[in-house]
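Enquirer: There's a structure below that I have some questions on.
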2 protein chains.
Amino acid sequence: MAEQTYAKGLEGVVAAESDICQIDGAAGKLYYRGYSLEDLAAHSSFEEVTYLLLYEKLPTEGELSAFVTTMRDHRSIAKPVQDVIRSFPASGSLMELLQSTISYLSGYHDHVIKHDANCNCRQTLHQIAQLATVVAAYHRFKDGKEYVAPHRDLSHGANFLYMLRGAEPEAYEGEIMDRCLILHAEHGFNASTFTARVVASTLSTCYCSISAAIGSLYGSLHGGANERVLDTVNEIGSPENVDDWLDKALAAKRKVPGMGHRVYRAKDPRSVILEKDLQLVCDRKGDHNLYAILKKLEASFRSRMEEKGKPLYPNVDFFSGALYSLLGIPKELFTPIFAMSRSAGWLGHILEQRKDNRLYRPKCLFVGPSPREYALMSER
Amino acid sequence: MAEQTYAKGLEGVVAAESDICQIDGAAGKLYYRGYSLEDLAAHSSFEEVTYLLLYEKLPTEGELSAFVTTMRDHRSIAKPVQDVIRSFPASGSLMELLQSTISYLSGYHDHVIKHDANCNCRQTLHQIAQLATVVAAYHRFKDGKEYVAPHRDLSHGANFLYMLRGAEPEAYEGEIMDRCLILHAEHGFNASTFTARVVASTLSTCYCSISAAIGSLYGSLHGGANERVLDTVNEIGSPENVDDWLDKALAAKRKVPGMGHRVYRAKDPRSVILEKDLQLVCDRKGDHNLYAILKKLEASFRSRMEEKGKPLYPNVDFFSGALYSLLGIPKELFTPIFAMSRSAGWLGHILEQRKDNRLYRPKCLFVGPSPREYALMSER
């Protein structure tokens with residue numbers, strides 16, 4: 001291609017080929033390595049999906065069993081790492097702590113990173129397995145509670161709820177949490193995945209790459225939308241306030257969080273699954289208020305936008321905040337949970353980057369001052 | 001521009017405009033905001049150069065004095081951060097620890113990051129000021145020594161040597177160390193700076209962005225070349241072995257580290273300054289062996305390459321390893337020192353990114369499997 005193509009924000013530039021994730025925005029379909037999200041959500045576990053993302057195929061029974069054993073072997077975190085989490089100031093951000101901890105963990109594992117394309121980080125699964133433990137430990141320490149060691153008989157999602165609560169969740173809660181991790185595990189090139197690949201392209205370690213990706217996910221243009229949905233729902237308070245709230249929000253040109261997506265022109269397939277799980281949790285908990293507000297908000301906002309010829313659908317963030325909230329998870333953990341899940345996709349992309357690596361090295365166009373004389377202090 | 005331009009590694013793509021750094025590769029000149037590196041190395045300090053990179057101009061006396069005060073106020077690190085460094089396993093990598101610590105530091109500062117373009121990280125200078133302290137503390141703890149609190153009457157470079165040694169360096173050593181930090185502070189778009197800007201473009205914090213950049217610098221395609229030069233020099237052992245070593249190295253198609261540069265077609269201006277400083281240190285220490293090997297290697301390699309019509313010159317990494325080594329700095333700290341210095345450039349680029357932000361969002365081209373049916377475990 002021609003030199004000096006200027007693409008601000010790299011818009012319209014294809015930076016790599018990938019065989020991990022296919023998004024059919026028009027049809028509202030999402031595939032991980034060819035398997036539809038609906039099938040994976042119905043039949044798979046987060047651990048199996050992680051295997052699929054890292055090994056490019058569904059595992060046999062023996063492969064899955066060995067993989068699950070390795071991943072569960074790596075769930076617990078060493079005492080000094082617990083201390084690092086415990087001593088982090090309460091006013092600090094969990095996302096910054098998470099970014100810090102993933103690099104720090106590197107010191108506790110003989111990670112045999114060779115700084116070359118043969119790096120075997122499919123065996124160093126602690127970057128995925130331990131993120132959940134770090135998030136849970138942080139939450140408990142902040143509440144003045146003790147560390148809960150992981151429970152190796154539970155799925156990744158159920159174990160997360162167990163470590164948060166210090167008690168086993170009900171079976172349906174564990175299944176739903178595990179499914180949430182499946183739904184967020186991968187979504188092609190987004191800012192955090194791109195960050196992971198840029199760092200990996202220097203032949204840096206997978207700890208460095210995943211840590212960097214967490215830094216991107218903390219950005220308000222990337223993560224955090226489901227927190228804003230929950231804030232909105234709490235601000236609205238009850239279904240009969242929705243229209244009044246929408247009138248004011250639209251007049252003030254406020255955005256309605258969780259609605260609309262850059263790629264999907266149909267229902268986001270993740271939101272369809274999340275809605276069903278939210279309904280189930282509402283039924284089991286006997287609390288339908290959040291869901292009622294969300295459904296009224298969805299319907300009212302969509303009908304107003306359809307009048308303008310702009311149909312908008314709920315995206316992945318619309319129902320997840322309410323779902324997590326009903327599972328007893330505080331808002332502060334929502335984006336860290338996203339990181340826990342997406343770490344599987346990040347590692348898949350890091351491996352893919354290493355298979356056929358080229359350092360990402362775009363140019364910048366210098367538009368600054370021409371060479372000028374240095375003025376001594378007395379002349380300024 | 002057209003959709004779907006495929007640019008592997010983003011080659012030939014201009015991703016942003018920048019007014020920070022101009023590199024004139026043909027003339028072998030480098031300018032920070034229009035000021036030549038030679039002028040800055042002769043007249044400026046690392047703190048003044050940091051001001052220039054962050055504020056887009058040279059400071060007046062009052063501005064510099066206030067800036068230096070702020071930066072020196074932020075040099076020391078809190079006891080819990082010292083503990084985090086002390087408890088990091090000896091087998092771990094200092095670069096991964098550094099990436100971890102910069103995010104961890106965020107919790108100890110009321111950094112008032114607003115997640116928007118007005119973020120005021122020019123006042124949160126600890127990301128630059130404290131990196132040197134973290135590196136020095138790590139080195140001392142590893143040797144079983146105590147933390148040395150920073151000395152606020154010393155320049156950034158001299159204070160670094162002071163914290164490493166626990167004793168004030170000679171004046172010329174401090175000046176040379178400070179100059180090394182000036183020389184490495186900025187060099188346009190490279191993998192780590194690009195990483196910092198990608199993370200910043202999500203409106204994440206400067207801690208997250210600088211931490212991510214450190215992760216990229218750890219990659220063997222980016223940092224670490226001056227370590228390899230020193231390894232080479234030690235392998236050669238003495239000047240009379242150079243030609244024999246070169247014969248074997250070229251026959252085995254080994255690279256000669258520290259020679260040649262993608263951009264400079266003349267002497268790298270940084271290497272010219274570094275060579276003078278290396279000569280000075282050799283004279284003062286009365287030890288000329290490393291320098292003699294380097295000069296013989298430079299001359300022999302260049303004459304062989306000129307025969308092939310490919311003149312090659314020393315780059316920034318050629319003399320710096322020997323220089324650091326003579327200042328008593330172990331090899332393991334070379335890339336971390338690069339990070340200490342480049343953090344100033346990274347922060348300059350983060351601020352520039354925020355002034356006119358567009359999220360970096362290239363695409364990837366899906367080349368994986370078509371939608372396929374999920375096979376139940378019994379069918380695999």
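Labeling convention for the structure tokens: chains A, B, ... as they appear, residues from 1 per chain, ligands from 1 in order of appearance.
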Using only C-alpha atoms, which protein or nucleic acid residues come within 12 Å of region 17-21 of chain B? Drop anything in the same chain fewer than 3 positions from it, and give the result as number ranges by chain.

Expert: A: 4-9, 362-371; B: 13-14, 24, 29-37, 49-50, 52-57, 185-190, 193-194, 197, 344-358

Enquirer: Run DSSP on the backbone and give me the residues of region 16-151 of chain B it puts in strand (DSSP E or B), as a PyMOL selection string.

Expert: chain B and resi 16-18+21-24+29-32+35-36

Enquirer: Of the candidates A:Pro239, A:Gly166, A:Pro89, A:Pro336, which one gets nearest to Ile214 (chain A) if we count only C-alpha atoms?

Expert: A:Pro336

Enquirer: Could you please write out, as a PyMOL selection string, every residue of region 140-277 of chain B that DSSP assigns to alpha helix (DSSP H)?

Expert: chain B and resi 140-142+156-165+171-183+191-200+206-217+225-236+242-251+269-277

Enquirer: Mind pulling up the distance from CA of Gln22 (chain A) to CA of His184 (chain A)?

Expert: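 One can read the CA of His184 (chain A) to CA of Gln22 (chain A) distance as 14.0 Å.
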
Enquirer: Env of region 91-99 of chain B: 6 Å cut, atoms = only C-alpha atoms, seq-sep filter 3 positions within chain, self excluded. Answer as number ranges by chain.

Expert: A: 103-104, 107; B: 102, 211, 214

Enquirer: Select, from B:His261, B:Lys295, B:Lys308, B:Lys276, the residue with the minimum atom-to-atom distance to Ile176 (chain B), counting only C-alpha atoms.

Expert: B:Lys276

Enquirer: Which polymer residues have any atom within 9 Å of an atom of Leu280 (chain A), counting only C-alpha atoms, with same-chain residues fewer than 5 positions away left out, as a ChimeraX atom specification?

Expert: /A:172,275,285

Enquirer: Kindly save the residues from that selection, with C-alpha atoms included, as an mmCIF file, in the first residue's frame.

Expert:
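After the write, selection36.cif holds the following:
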```cif
data_model
loop_
_atom_site.group_PDB
_atom_site.id
_atom_site.type_symbol
_atom_site.label_atom_id
_atom_site.label_comp_id
_atom_site.auth_asym_id
_atom_site.auth_seq_id
_atom_site.Cartn_x
_atom_site.Cartn_y
_atom_site.Cartn_z
ATOM 1 C CA TYR A 172 -28.541 -22.007 38.951
ATOM 2 C CA GLU A 275 -32.159 -11.367 29.283
ATOM 3 C CA LYS A 285 -35.246 -14.091 43.850
#
```
